[in-house]
file target_24.cif (mmCIF, C-alpha atoms and all ligand atoms)
data_model
loop_
_atom_site.label_atom_id
_atom_site.label_comp_id
_atom_site.auth_asym_id
_atom_site.auth_seq_id
_atom_site.Cartn_x
_atom_site.Cartn_y
_atom_site.Cartn_z
CA MET A 244 25.96 -29.50 0.27
CA THR A 245 22.36 -28.43 -0.04
CA ILE A 246 21.43 -25.36 -1.96
CA ALA A 247 18.78 -23.31 -0.21
CA ALA A 248 15.61 -23.02 -2.25
CA PRO A 249 14.96 -19.42 -3.27
CA ARG A 250 12.46 -17.75 -0.98
CA PRO A 251 9.12 -16.84 -2.55
CA ARG A 252 8.77 -13.14 -3.21
CA ILE A 253 6.53 -10.42 -1.87
CA LEU A 254 5.91 -7.17 -3.68
CA THR A 255 3.91 -4.52 -1.91
CA GLY A 256 3.95 -0.76 -1.72
CA ASP A 257 2.35 2.59 -1.12
CA ARG A 258 1.72 5.79 -3.00
CA PRO A 259 3.90 8.52 -1.43
CA THR A 260 1.08 11.09 -1.45
CA ALA A 261 1.37 11.68 2.32
CA PRO A 262 2.81 9.86 5.34
CA LEU A 263 1.21 6.52 6.23
CA HIS A 264 -1.79 6.12 8.54
CA ILE A 265 -3.17 3.57 10.98
CA GLY A 266 -5.21 1.95 8.17
CA HIS A 267 -1.96 1.04 6.44
CA LEU A 268 -0.73 -0.53 9.65
CA VAL A 269 -3.57 -3.05 9.97
CA GLY A 270 -4.26 -3.33 6.22
CA SER A 271 -0.77 -4.18 5.06
CA LEU A 272 2.26 -3.00 7.08
CA GLN A 273 1.90 -5.55 9.90
CA SER A 274 1.70 -8.46 7.44
CA ARG A 275 4.81 -7.19 5.69
CA VAL A 276 6.76 -6.96 8.93
CA SER A 277 5.78 -10.44 10.07
CA LEU A 278 6.56 -12.03 6.67
CA GLN A 279 9.72 -10.15 5.72
CA ARG A 280 12.07 -12.93 6.87
CA GLU A 281 10.07 -15.73 5.33
CA TYR A 282 9.68 -14.03 1.93
CA GLU A 283 12.12 -12.08 -0.19
CA THR A 284 10.35 -8.76 0.27
CA TYR A 285 10.36 -5.76 -2.06
CA VAL A 286 8.51 -2.64 -0.93
CA LEU A 287 7.75 -0.16 -3.66
CA LEU A 288 7.50 3.57 -3.02
CA ALA A 289 5.08 4.05 -5.90
CA ASP A 290 5.89 7.63 -6.86
CA VAL A 291 4.99 7.13 -10.53
CA GLN A 292 1.55 5.88 -9.51
CA ALA A 293 1.22 8.79 -7.04
CA LEU A 294 1.85 11.20 -9.91
CA THR A 295 -1.16 9.90 -11.86
CA ASP A 296 -3.40 12.11 -9.73
CA ASN A 297 -0.71 14.55 -8.50
CA PHE A 298 1.22 15.24 -11.69
CA GLU A 299 0.99 18.98 -11.15
CA ASN A 300 2.81 18.63 -7.85
CA PRO A 301 5.87 16.37 -8.20
CA GLY A 302 7.61 18.18 -5.31
CA LYS A 303 4.97 16.88 -2.88
CA ILE A 304 5.53 13.31 -4.07
CA ARG A 305 9.32 13.63 -3.87
CA GLN A 306 9.07 14.88 -0.29
CA ASN A 307 6.70 12.10 0.76
CA VAL A 308 9.00 9.37 -0.56
CA LEU A 309 11.20 10.09 2.43
CA GLU A 310 8.24 10.37 4.84
CA VAL A 311 6.91 6.96 3.78
CA ALA A 312 10.40 5.44 4.07
CA LEU A 313 10.54 6.76 7.66
CA ASP A 314 7.17 5.13 8.35
CA TYR A 315 8.50 1.81 7.03
CA LEU A 316 11.50 1.95 9.33
CA ALA A 317 9.36 3.05 12.28
CA VAL A 318 6.94 0.09 12.00
CA GLY A 319 9.80 -2.40 11.82
CA LEU A 320 10.49 -3.07 8.17
CA ASP A 321 14.19 -3.88 8.30
CA PRO A 322 16.15 -2.51 5.33
CA GLN A 323 18.73 -5.29 5.83
CA VAL A 324 15.97 -7.80 5.14
CA SER A 325 13.36 -5.98 3.04
CA THR A 326 14.32 -3.99 -0.05
CA PHE A 327 12.87 -0.46 -0.40
CA VAL A 328 12.56 0.51 -4.07
CA VAL A 329 11.70 3.90 -5.61
CA GLN A 330 9.42 3.15 -8.56
CA SER A 331 10.42 6.05 -10.84
CA ARG A 332 14.00 4.76 -11.03
CA LEU A 333 12.84 1.52 -12.70
CA PRO A 334 12.13 2.22 -16.38
CA GLU A 335 11.62 -1.56 -16.73
CA ILE A 336 8.22 -1.11 -15.05
CA ALA A 337 7.20 1.50 -17.62
CA GLU A 338 8.31 -0.84 -20.42
CA LEU A 339 6.33 -3.79 -19.06
CA THR A 340 3.30 -1.52 -18.56
CA VAL A 341 3.31 -0.73 -22.28
CA PHE A 342 3.34 -4.43 -23.19
CA PHE A 343 0.60 -5.15 -20.63
CA LEU A 344 -1.64 -2.37 -21.99
CA ASN A 345 -2.23 -4.55 -25.05
CA LEU A 346 -3.59 -7.34 -22.87
CA VAL A 347 -6.52 -5.42 -21.33
CA THR A 348 -9.54 -3.70 -22.83
CA VAL A 349 -10.79 -0.22 -22.05
CA SER A 350 -14.20 -1.63 -21.14
CA HIS A 351 -12.61 -4.01 -18.64
CA LEU A 352 -10.64 -1.14 -17.08
CA ARG A 353 -13.84 0.89 -16.82
CA GLN A 354 -15.39 -1.80 -14.63
CA ASN A 355 -12.72 -1.65 -11.89
CA PRO A 356 -14.81 -0.74 -8.81
CA THR A 357 -11.93 0.91 -6.92
CA VAL A 358 -10.92 3.12 -9.83
CA LYS A 359 -14.61 3.98 -10.42
CA ALA A 360 -14.99 5.09 -6.79
CA GLU A 361 -11.73 7.06 -6.89
CA ILE A 362 -12.74 8.85 -10.11
CA ALA A 363 -16.00 9.92 -8.44
CA GLN A 364 -14.20 10.93 -5.21
CA LYS A 365 -11.63 13.03 -7.05
CA GLY A 366 -14.34 14.68 -9.17
CA PHE A 367 -12.59 13.88 -12.46
CA GLY A 368 -15.89 13.48 -14.31
CA GLU A 369 -15.13 12.82 -17.97
CA SER A 370 -11.63 14.35 -17.65
CA VAL A 371 -9.87 11.36 -16.12
CA PRO A 372 -6.14 11.51 -16.86
CA ALA A 373 -5.30 8.48 -19.02
CA GLY A 374 -2.39 7.68 -16.70
CA PHE A 375 -4.75 7.47 -13.74
CA PHE A 376 -7.26 5.36 -15.65
CA VAL A 377 -4.64 2.72 -16.48
CA TYR A 378 -2.85 2.68 -13.11
CA PRO A 379 -4.11 -0.87 -12.38
CA VAL A 380 -2.08 -1.97 -15.43
CA SER A 381 1.11 -0.33 -14.18
CA GLN A 382 0.42 -1.94 -10.82
CA ALA A 383 0.25 -5.31 -12.57
CA ALA A 384 3.66 -4.51 -14.07
CA ASP A 385 5.04 -3.62 -10.60
CA ILE A 386 4.01 -7.02 -9.27
CA ALA A 387 5.03 -9.04 -12.34
CA VAL A 388 8.42 -7.40 -12.81
CA PHE A 389 9.35 -8.52 -9.29
CA GLY A 390 8.05 -12.06 -9.87
CA ALA A 391 6.00 -11.71 -6.69
CA GLY A 392 3.79 -14.61 -5.57
CA LEU A 393 2.25 -12.75 -2.64
CA VAL A 394 0.99 -9.17 -2.36
CA PRO A 395 -0.09 -7.88 1.09
CA VAL A 396 -2.79 -5.23 0.45
CA GLY A 397 -5.94 -3.65 1.83
CA GLU A 398 -9.31 -4.70 0.45
CA ASP A 399 -9.53 -1.78 -2.00
CA GLN A 400 -6.64 -3.31 -3.94
CA LEU A 401 -8.20 -6.75 -4.49
CA PRO A 402 -9.52 -5.85 -7.97
CA MET A 403 -5.96 -4.83 -8.93
CA ILE A 404 -4.55 -8.19 -7.87
CA GLU A 405 -7.30 -10.03 -9.74
CA GLY A 406 -6.53 -7.86 -12.79
CA THR A 407 -2.83 -8.71 -12.45
CA ARG A 408 -3.61 -12.41 -12.40
CA GLU A 409 -5.63 -12.07 -15.60
CA ILE A 410 -2.89 -10.12 -17.39
CA VAL A 411 -0.20 -12.57 -16.28
CA ARG A 412 -2.25 -15.56 -17.43
CA ARG A 413 -2.84 -13.85 -20.78
CA PHE A 414 0.86 -13.06 -21.19
CA ASN A 415 2.00 -16.56 -20.24
CA HIS A 416 -0.52 -18.14 -22.60
CA LEU A 417 0.27 -15.86 -25.56
CA TYR A 418 4.06 -15.74 -25.32
CA ALA A 419 5.78 -18.08 -22.84
CA PRO A 420 5.10 -18.97 -19.20
CA VAL A 421 7.71 -16.71 -17.61
CA LEU A 422 5.59 -14.58 -15.24
CA THR A 423 4.29 -15.47 -11.76
CA GLU A 424 0.58 -15.32 -10.93
CA PRO A 425 0.28 -13.51 -7.58
CA GLN A 426 -2.05 -14.04 -4.62
CA ALA A 427 -3.39 -11.19 -2.47
CA LEU A 428 -2.98 -11.25 1.30
CA VAL A 429 -5.40 -8.99 3.16
CA GLY A 430 -4.40 -7.81 6.65
CA ARG A 431 -6.38 -8.16 9.86
CA ALA A 432 -8.51 -5.06 9.11
CA ALA A 433 -9.20 -5.16 5.40
CA ARG A 434 -10.55 -1.62 5.18
CA LEU A 435 -10.28 0.69 8.17
CA PRO A 436 -12.93 3.43 7.96
CA GLY A 437 -12.05 7.12 8.11
CA LEU A 438 -12.47 9.44 11.13
CA ASP A 439 -15.53 10.86 9.35
CA GLY A 440 -17.18 7.43 9.11
CA ASN A 441 -16.31 7.29 5.40
CA GLY A 442 -15.82 3.73 4.15
CA LYS A 443 -12.04 4.03 3.89
CA MET A 444 -9.37 5.97 5.72
CA SER A 445 -7.21 7.52 3.01
CA LYS A 446 -4.17 9.73 2.97
CA SER A 447 -5.80 12.07 0.52
CA LEU A 448 -9.30 12.32 2.06
CA GLY A 449 -8.35 14.26 5.22
CA ASN A 450 -9.83 11.52 7.42
CA ALA A 451 -6.69 9.77 8.67
CA ILE A 452 -4.67 9.37 11.86
CA PHE A 453 -1.07 9.34 10.69
CA LEU A 454 1.58 7.18 12.32
CA SER A 455 3.59 10.41 12.64
CA ASP A 456 0.83 12.45 14.36
CA SER A 457 1.74 13.91 17.77
CA ALA A 458 -0.13 12.70 20.86
CA ASP A 459 -2.07 16.00 20.84
CA GLU A 460 -3.08 15.55 17.19
CA VAL A 461 -4.27 12.01 17.83
CA ALA A 462 -6.30 13.23 20.84
CA ARG A 463 -7.84 16.06 18.81
CA LYS A 464 -8.74 13.71 15.96
CA VAL A 465 -10.27 11.08 18.25
CA ARG A 466 -12.34 13.74 20.07
CA GLY A 467 -13.72 14.95 16.73
CA MET A 468 -14.51 11.47 15.39
CA TYR A 469 -17.84 10.62 13.87
CA THR A 470 -19.93 8.27 16.02
CA ASP A 471 -23.63 7.38 16.02
CA PRO A 472 -25.29 10.77 15.32
CA ASN A 473 -28.43 9.69 17.24
CA HIS A 474 -26.49 8.81 20.38
CA LEU A 475 -26.88 12.20 22.02
CA ARG A 476 -26.80 11.36 25.74
CA ALA A 477 -24.80 8.66 27.49
CA GLU A 478 -27.96 6.86 28.59
CA ASP A 479 -29.34 6.58 25.02
CA PRO A 480 -28.86 3.27 23.19
CA GLY A 481 -26.20 3.64 20.48
CA LYS A 482 -25.25 1.95 17.22
CA VAL A 483 -22.00 0.01 16.97
CA GLU A 484 -22.29 -0.91 13.29
CA GLY A 485 -20.92 1.81 11.05
CA ASN A 486 -19.41 3.51 14.09
CA PRO A 487 -15.67 3.99 13.41
CA VAL A 488 -14.85 4.21 17.14
CA PHE A 489 -15.73 0.52 17.46
CA ALA A 490 -14.09 -0.37 14.15
CA TYR A 491 -10.84 1.05 15.56
CA LEU A 492 -11.29 -0.81 18.84
CA ASP A 493 -11.84 -4.03 16.85
CA ALA A 494 -8.61 -3.36 14.94
CA PHE A 495 -6.36 -2.18 17.77
CA ASP A 496 -7.64 -3.25 21.21
CA PRO A 497 -6.17 -6.66 22.09
CA ASP A 498 -8.73 -7.09 24.91
CA ARG A 499 -11.46 -8.76 22.84
CA ALA A 500 -13.74 -9.46 25.81
CA GLY A 501 -13.39 -5.86 26.98
CA VAL A 502 -14.38 -4.56 23.53
CA GLN A 503 -17.40 -6.88 23.50
CA ALA A 504 -18.49 -5.57 26.91
CA LEU A 505 -18.15 -1.95 25.71
CA LYS A 506 -20.22 -2.74 22.61
CA ASP A 507 -22.95 -4.36 24.72
CA ARG A 508 -23.12 -1.36 27.05
CA TYR A 509 -23.12 1.12 24.16
CA ARG A 510 -25.99 -0.74 22.47
CA ARG A 511 -28.00 -0.91 25.71
CA GLY A 512 -27.35 2.71 26.65
CA GLY A 513 -25.23 3.92 29.54
CA LEU A 514 -21.89 4.45 27.80
CA GLY A 515 -21.15 7.96 26.57
CA ASP A 516 -19.06 8.85 23.51
CA VAL A 517 -16.59 10.81 25.62
CA ARG A 518 -15.80 7.76 27.74
CA VAL A 519 -15.47 5.29 24.92
CA LYS A 520 -13.30 7.75 22.99
CA ARG A 521 -11.06 8.21 26.02
CA HIS A 522 -10.53 4.44 26.07
CA LEU A 523 -9.88 4.39 22.30
CA LEU A 524 -7.29 7.14 22.67
CA GLU A 525 -5.41 5.07 25.26
CA VAL A 526 -5.47 2.03 22.98
CA LEU A 527 -4.30 3.99 19.94
CA GLU A 528 -1.54 5.72 21.87
CA GLY A 529 -0.34 2.29 23.01
CA THR A 530 0.16 1.41 19.34
CA ILE A 531 1.32 4.74 17.93
CA ALA A 532 3.63 6.05 20.70
CA PRO A 533 6.44 3.49 20.13
CA ILE A 534 6.18 3.97 16.35
CA ARG A 535 6.33 7.76 16.79
CA GLY A 536 9.42 7.40 18.97
CA ARG A 537 11.29 5.17 16.52
CA ARG A 538 10.29 7.43 13.64
CA ALA A 539 11.78 10.47 15.37
CA GLU A 540 15.04 8.54 15.86
CA PHE A 541 15.28 7.58 12.16
CA ALA A 542 14.31 11.12 11.10
CA ARG A 543 17.52 12.43 12.67
CA ASP A 544 19.47 10.87 9.82
CA ARG A 545 17.54 11.66 6.63
CA ALA A 546 20.70 11.40 4.54
CA GLY A 547 21.14 7.82 5.81
CA VAL A 548 17.56 7.00 4.77
CA GLU A 549 18.26 8.36 1.28
CA VAL A 550 21.31 6.11 1.02
CA LEU A 551 19.32 3.02 1.86
CA LEU A 552 16.66 4.03 -0.68
CA ARG A 553 19.36 4.33 -3.33
CA GLU A 554 20.84 0.93 -2.42
CA GLY A 555 17.44 -0.77 -2.32
CA THR A 556 16.44 0.78 -5.63
CA ALA A 557 19.62 -0.54 -7.27
CA ARG A 558 18.90 -4.06 -6.00
CA GLY A 559 15.29 -3.79 -7.15
CA ARG A 560 16.38 -2.61 -10.58
CA ASP A 561 18.57 -5.72 -11.01
CA VAL A 562 15.56 -7.95 -10.34
CA ALA A 563 13.39 -5.96 -12.77
CA ALA A 564 16.09 -6.04 -15.46
CA ARG A 565 16.37 -9.82 -15.18
CA THR A 566 12.61 -10.25 -15.55
CA MET A 567 12.58 -7.99 -18.61
CA VAL A 568 15.23 -10.12 -20.31
CA GLU A 569 12.84 -13.07 -20.02
CA VAL A 570 9.85 -10.97 -21.07
CA ARG A 571 11.58 -9.72 -24.22
CA GLU A 572 12.80 -13.22 -25.00
CA ALA A 573 9.28 -14.61 -24.54
CA MET A 574 7.94 -11.98 -26.94
CA GLY A 575 10.75 -12.47 -29.46
CA LEU A 576 11.95 -8.90 -28.98
CA ASP A 577 15.52 -9.67 -28.01
CA ASP A 578 17.10 -9.72 -31.50
CA PHE A 579 17.92 -6.09 -32.08
CA ARG A 580 20.00 -5.27 -29.04
CA GLU A 581 22.46 -2.48 -29.83
CA ARG A 582 25.94 -3.82 -30.61
CA GLY A 583 28.63 -2.97 -28.13
CA ARG A 584 26.13 -2.18 -25.37
CA ARG A 585 27.04 -3.81 -22.10
CA PRO A 586 24.49 -6.53 -21.30
CA GLN A 587 22.33 -5.83 -18.25
CA GLU A 588 22.62 -8.11 -15.31
CA GLY A 589 21.09 -11.50 -16.07
CA GLU A 590 21.12 -10.78 -19.79
CA LYS A 591 22.95 -13.16 -22.12
CA ALA A 592 26.12 -11.53 -23.46
P1 LIG B 1 -4.28 7.64 -1.39
O1 LIG B 1 -5.43 8.41 -0.79
O2 LIG B 1 -3.14 8.50 -1.83
O3 LIG B 1 -4.70 6.65 -2.44
P2 LIG B 1 -4.27 5.52 0.56
O4 LIG B 1 -4.52 5.89 1.97
O5 LIG B 1 -5.39 4.91 -0.22
O6 LIG B 1 -3.67 6.81 -0.17
P3 LIG B 1 -2.36 3.79 -0.74
O7 LIG B 1 -0.93 4.22 -0.83
O8 LIG B 1 -3.24 3.99 -1.93
O9 LIG B 1 -3.02 4.55 0.53
O10 LIG B 1 -2.45 2.28 -0.29
C1 LIG B 1 -1.34 1.54 0.18
C2 LIG B 1 -1.78 0.21 0.76
O11 LIG B 1 -2.51 0.41 1.97
C3 LIG B 1 -2.73 -0.58 -0.15
O12 LIG B 1 -2.41 -1.95 -0.02
C4 LIG B 1 -4.09 -0.29 0.41
O13 LIG B 1 -5.00 -1.34 0.14
C5 LIG B 1 -3.79 -0.22 1.90
N1 LIG B 1 -4.76 0.67 2.57
C6 LIG B 1 -4.97 1.98 2.30
N2 LIG B 1 -5.95 2.47 3.08
C7 LIG B 1 -6.39 1.45 3.86
C8 LIG B 1 -7.39 1.32 4.88
N3 LIG B 1 -8.15 2.36 5.22
N4 LIG B 1 -7.55 0.12 5.47
C9 LIG B 1 -6.79 -0.94 5.13
N5 LIG B 1 -5.82 -0.90 4.18
C10 LIG B 1 -5.61 0.28 3.55
MG MG B 2 -5.19 4.54 -2.33
#
call {"tool": "encode", "arguments": {"input": "target_24.cif", "output": "structure tokens"}}
result
Amino acid sequence: MTIAAPRPRILTGDRPTAPLHIGHLVGSLQSRVSLQREYETYVLLADVQALTDNFENPGKIRQNVLEVALDYLAVGLDPQVSTFVVQSRLPEIAELTVFFLNLVTVSHLRQNPTVKAEIAQKGFGESVPAGFFVYPVSQAADIAVFGAGLVPVGEDQLPMIEGTREIVRRFNHLYAPVLTEPQALVGRAARLPGLDGNGKMSKSLGNAIFLSDSADEVARKVRGMYTDPNHLRAEDPGKVEGNPVFAYLDAFDPDRAGVQALKDRYRRGGLGDVRVKRHLLEVLEGTIAPIRGRRAEFARDRAGVEVLLREGTARGRDVAARTMVEVREAMGLDDFRERGRRPQEGEKA
């Protein structure tokens, strides 16, 4: 009899600050769907991380946990294969975060380019909530507690994965080599720009096309998209670089030669924004319409979605508890367990 080797693990996730958008699809969701059978996949609904800049509005985060779960189901993450985990139900992550905080310096955290940009965007100034400032450390704990070797993410998250690798190396060197050093996997569009031409489409910047938008909403958003501001008449030559209409065609139109021909014509002059946007709308609808349909089906049974979140969270918590047994053992913190307490799964009795 051969014993199957354990599958390598994926940990990935999203902040439930709003439903997911088409940037998530090409940045990370499609990789997750295509790898979910090859890897043991855990998908984290990162509500604790979402609270770091929404702590005054926990109701919004609670509500969006379900919206994001519906997006997962709609794009083809299979809850029989992938495990959906609600972060706030795993105190093990909070515990590991506290240990990890000793392994980074404030000056190193200050240099994180993504956090720097987000602090500026959110207008925090000097009043950055400490929880927000250290979210890359809690993200390292998310990844490490699941023993993940691969993390599908968009480009903005690469500094977090690099930071995780550094913390894990530090931990393994100082205590005992029990944690896994993860690799990032960036999707086919590393950073989809926003409708406004901003460098990144984000849930919280008001520049996104959501996977749950109606056909009318998608049409309205595409019509209002930023293009080349100097391309006033169809016959004028236009700019393709920095033009989100073409970035979306690159990400979603499978007809590569057709996209190239459109770019050439736009650059030369003779292709109006209205026409190219009409084509983009067709392409996007081809992608979004089936997702929208499946989402509506799953949304008819919200109670069923909550059940699978509860089941997934319980499975995720078992994995996290097992890792923490090894972490505490590595740090020599396992001596003072309360007598009579039932050992957690994976823990020595
Ligand atoms: P928020 O504005 O609340 O931070 P967000 O749109 O940035 O929301 P996150 O939940 O922070 O979304 O990110 C989830 C995952 O999706 C991450 O791996 C991130 O890198 C990826 N991602 C987010 N936006 C994009 C984008 N525009 N292009 C590609 N990947 C993206
Ligand atoms: Mg984000």
call {"tool": "residues_near_ligand", "arguments": {"input": "target_24.cif", "ligand": "ligand MG 2 (chain B)", "cutoff": "8 Å", "atoms": "all atoms listed in the file", "output": "JSON, numbers by chain"}}
result
{"A": [257, 258, 399, 445, 446]}
call {"tool": "write_last_selection", "arguments": {"input": "target_24.cif", "atoms": "C-alpha atoms", "output": "compact mmCIF listing (two decimals), in the coordinates of the input"}}
result
# COMPACT_ATOMS: atom_id res chain seq x y z
CA ASP A 257 2.35 2.59 -1.12
CA ARG A 258 1.72 5.79 -3.00
CA ASP A 399 -9.53 -1.78 -2.00
CA SER A 445 -7.21 7.52 3.01
CA LYS A 446 -4.17 9.73 2.97
call {"tool": "residues_near_ligand", "arguments": {"input": "target_24.cif", "ligand": "ligand LIG 1 (chain B)", "cutoff": "8 Å", "atoms": "only C-alpha atoms and all ligand atoms", "output": "PDB file with C-alpha atoms, in the coordinates of the input"}}
result
ATOM      1  CA  THR A 255       3.910  -4.520  -1.910  1.00  0.00           C
ATOM      2  CA  GLY A 256       3.950  -0.760  -1.720  1.00  0.00           C
ATOM      3  CA  ASP A 257       2.350   2.590  -1.120  1.00  0.00           C
ATOM      4  CA  ARG A 258       1.720   5.790  -3.000  1.00  0.00           C
ATOM      5  CA  PRO A 259       3.900   8.520  -1.430  1.00  0.00           C
ATOM      6  CA  THR A 260       1.080  11.090  -1.450  1.00  0.00           C
ATOM      7  CA  ALA A 261       1.370  11.680   2.320  1.00  0.00           C
ATOM      8  CA  LEU A 263       1.210   6.520   6.230  1.00  0.00           C
ATOM      9  CA  HIS A 264      -1.790   6.120   8.540  1.00  0.00           C
ATOM     10  CA  ILE A 265      -3.170   3.570  10.980  1.00  0.00           C
ATOM     11  CA  GLY A 266      -5.210   1.950   8.170  1.00  0.00           C
ATOM     12  CA  HIS A 267      -1.960   1.040   6.440  1.00  0.00           C
ATOM     13  CA  LEU A 268      -0.730  -0.530   9.650  1.00  0.00           C
ATOM     14  CA  VAL A 269      -3.570  -3.050   9.970  1.00  0.00           C
ATOM     15  CA  GLY A 270      -4.260  -3.330   6.220  1.00  0.00           C
ATOM     16  CA  SER A 271      -0.770  -4.180   5.060  1.00  0.00           C
ATOM     17  CA  LEU A 272       2.260  -3.000   7.080  1.00  0.00           C
ATOM     18  CA  ALA A 289       5.080   4.050  -5.900  1.00  0.00           C
ATOM     19  CA  ALA A 293       1.220   8.790  -7.040  1.00  0.00           C
ATOM     20  CA  PRO A 395      -0.090  -7.880   1.090  1.00  0.00           C
ATOM     21  CA  VAL A 396      -2.790  -5.230   0.450  1.00  0.00           C
ATOM     22  CA  GLY A 397      -5.940  -3.650   1.830  1.00  0.00           C
ATOM     23  CA  GLU A 398      -9.310  -4.700   0.450  1.00  0.00           C
ATOM     24  CA  ASP A 399      -9.530  -1.780  -2.000  1.00  0.00           C
ATOM     25  CA  GLN A 400      -6.640  -3.310  -3.940  1.00  0.00           C
ATOM     26  CA  LEU A 401      -8.200  -6.750  -4.490  1.00  0.00           C
ATOM     27  CA  GLY A 430      -4.400  -7.810   6.650  1.00  0.00           C
ATOM     28  CA  ALA A 432      -8.510  -5.060   9.110  1.00  0.00           C
ATOM     29  CA  ALA A 433      -9.200  -5.160   5.400  1.00  0.00           C
ATOM     30  CA  ARG A 434     -10.550  -1.620   5.180  1.00  0.00           C
ATOM     31  CA  LEU A 435     -10.280   0.690   8.170  1.00  0.00           C
ATOM     32  CA  PRO A 436     -12.930   3.430   7.960  1.00  0.00           C
ATOM     33  CA  GLY A 437     -12.050   7.120   8.110  1.00  0.00           C
ATOM     34  CA  GLY A 442     -15.820   3.730   4.150  1.00  0.00           C
ATOM     35  CA  LYS A 443     -12.040   4.030   3.890  1.00  0.00           C
ATOM     36  CA  MET A 444      -9.370   5.970   5.720  1.00  0.00           C
ATOM     37  CA  SER A 445      -7.210   7.520   3.010  1.00  0.00           C
ATOM     38  CA  LYS A 446      -4.170   9.730   2.970  1.00  0.00           C
ATOM     39  CA  SER A 447      -5.800  12.070   0.520  1.00  0.00           C
ATOM     40  CA  LEU A 448      -9.300  12.320   2.060  1.00  0.00           C
TER      41      LEU A 448
END
call {"tool": "residues_around", "arguments": {"input": "target_24.cif", "residues": "A:Thr566", "least_positions_apart": "2", "cutoff": "9 Å", "atoms": "only C-alpha atoms", "output": "PyMOL selection string"}}
result
chain A and resi 335+387-390+421-422+561-564+568-571+589
call {"tool": "closest_residue", "arguments": {"input": "target_24.cif", "among": "A:Val380, A:Leu551, A:Val341, A:Leu505", "to": "A:Ile410", "atoms": "only C-alpha atoms"}}
result
A:Val380
call {"tool": "closest_residue", "arguments": {"input": "target_24.cif", "among": "A:His351, A:Arg431, A:Arg560, A:Lys365", "to": "A:Pro402", "atoms": "all atoms listed in the file"}}
result
A:His351
